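Notes follow once the structure below has been shown.
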Amino acid sequence: MGHQWKLVLMICLAGCATRPAFPESGPAVFAGTMAEMTYVEVEKAARGGAVALWAIGAIEEHGPHLPLATDVYVPSAQLLQVQRRLADKKINSVIVPPYYWGVNRVTGSFPGSIDIRPEVMTELMTDVFRSLAKAGFGKVFCITGHYDAAHSRAIVDAVRRANSASDIKVHYVVPRPLGDRIGLKSTEPGFILVDFPAETVPSHPDLHAGEAETSMLLSIAPNLVRMEIARSLKPTDLTSADVATWRKGYEHAKEVTPLGYLGDPASARAAGGADRTARQAAAYADAIAAAVK
């Protein structure tokens, strides 16, 4: 039996395996967020000057080894760390439940990738900002775990609209490579470009469900990573032209990465993921603290 058929069989068997019950299946979606608070507690926090933190994710395929909610779990875990770091700086914050109905242009042809129209996403975000303003919040800081350019452009549109039409000040805190890719300028109000700590550049692009994301999920929700499958996946040795084709999305992406990952998931390690998660959270926290003061 060839390697490809063995991999397909392994994936099928993993899919048929008994999964843990919900409380053990991964980070609870509302854990640590305002959804666990009463309206009285939210009002007190807002009136006391707390800022709102919001993770903007997506439900998207992440190869045969990672859950569809990867881009929700990662920024949600980071915001919990951001919140603690802000508290150390005497900045109070409230975490808004994560947004996960995102725009999936790149992976839209894969089962499980929920692809929302950008204008719908922008409208929904605008309503959330309006509601936060009514609750008394003066500042909102958004981060994303989903680097699809169309997804970020929808966030950008929502931020611009909110900042021009309400009393609330909204910020999109975005990694500089992603900000540069969609044409953001740090001089434009409402947008904060963050430089993450330098890392060793991999020998091949590691952009989606590769070593980086697999390592982060191993540190956040190890029981959701199908590591037996991840160890069997070979590195994707793609050129810059291949990546450009992949970013065209839909069937182009499926042709370039038929198994839905781009990188080297087999080399993932939980310790490296925990370190990367913490360093990125620290960069976010520093950027938000600088904008608050």
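Going through the structure tokens in order, the chains are called A, B, and so on, while each chain numbers its residues from 1 and the ligands are numbered from 1 in the order shown.
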Identify, with DSSP run on backbone atoms, the residues in region 140-279 of chain A assigned to strand (DSSP E), and express the list as a PyMOL selection string. chain A and resi 140-144+169-175+191-194
Selected residues written out, C-alpha atoms, as a PDB file, in the first residue's frame:
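Below is the file that was written, result_38.pdb:
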ATOM      1  CA  VAL A 140     -11.885  47.919  21.706  1.00  0.00           C
ATOM      2  CA  PHE A 141      -8.797  46.043  20.557  1.00  0.00           C
ATOM      3  CA  CYS A 142      -9.191  43.232  18.003  1.00  0.00           C
ATOM      4  CA  ILE A 143      -6.685  40.558  17.038  1.00  0.00           C
ATOM      5  CA  THR A 144      -7.091  37.763  14.513  1.00  0.00           C
ATOM      6  CA  LYS A 169     -12.553  53.851  19.498  1.00  0.00           C
ATOM      7  CA  VAL A 170     -11.763  50.563  17.770  1.00  0.00           C
ATOM      8  CA  HIS A 171      -8.274  49.244  17.024  1.00  0.00           C
ATOM      9  CA  TYR A 172      -7.178  46.341  14.847  1.00  0.00           C
ATOM     10  CA  VAL A 173      -3.869  45.057  16.256  1.00  0.00           C
ATOM     11  CA  VAL A 174      -2.324  43.170  13.367  1.00  0.00           C
ATOM     12  CA  PRO A 175       1.024  41.430  12.752  1.00  0.00           C
ATOM     13  CA  PHE A 191      -4.631  50.252  13.120  1.00  0.00           C
ATOM     14  CA  ILE A 192      -1.627  49.046  15.102  1.00  0.00           C
ATOM     15  CA  LEU A 193       1.020  47.029  13.277  1.00  0.00           C
ATOM     16  CA  VAL A 194       2.886  44.716  15.636  1.00  0.00           C
TER      17      VAL A 194
END
Might you pull out every residue within 12 Å of region 103-110 of chain A, with only C-alpha atoms counted and same-chain residues fewer than 3 positions away left off, and present them as a ChimeraX atom specification? /A:56-64,68,71,99-100,113-122,144,146-155,207-209,243-262
Can you tell me which residues surround Val292 (chain A) at a distance of at most 10 Å, considering only C-alpha atoms, apart from same-chain residues fewer than 3 positions away, and format the answer as a PyMOL selection string? chain A and resi 51+91+139+141+286-289
Pick the closest to Leu132 (chain A) from A:Pro197, A:Ala35, A:Ile168, A:Ser186: which is it, counting only C-alpha atoms?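 Under the stated criterion, the closest residue is A:Ile168.
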Separation of CA of Lys134 (chain A) and CA of Asp157 (chain A), in Å?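 Between CA of Lys134 (chain A) and CA of Asp157 (chain A) the gap is 20.5 Å.
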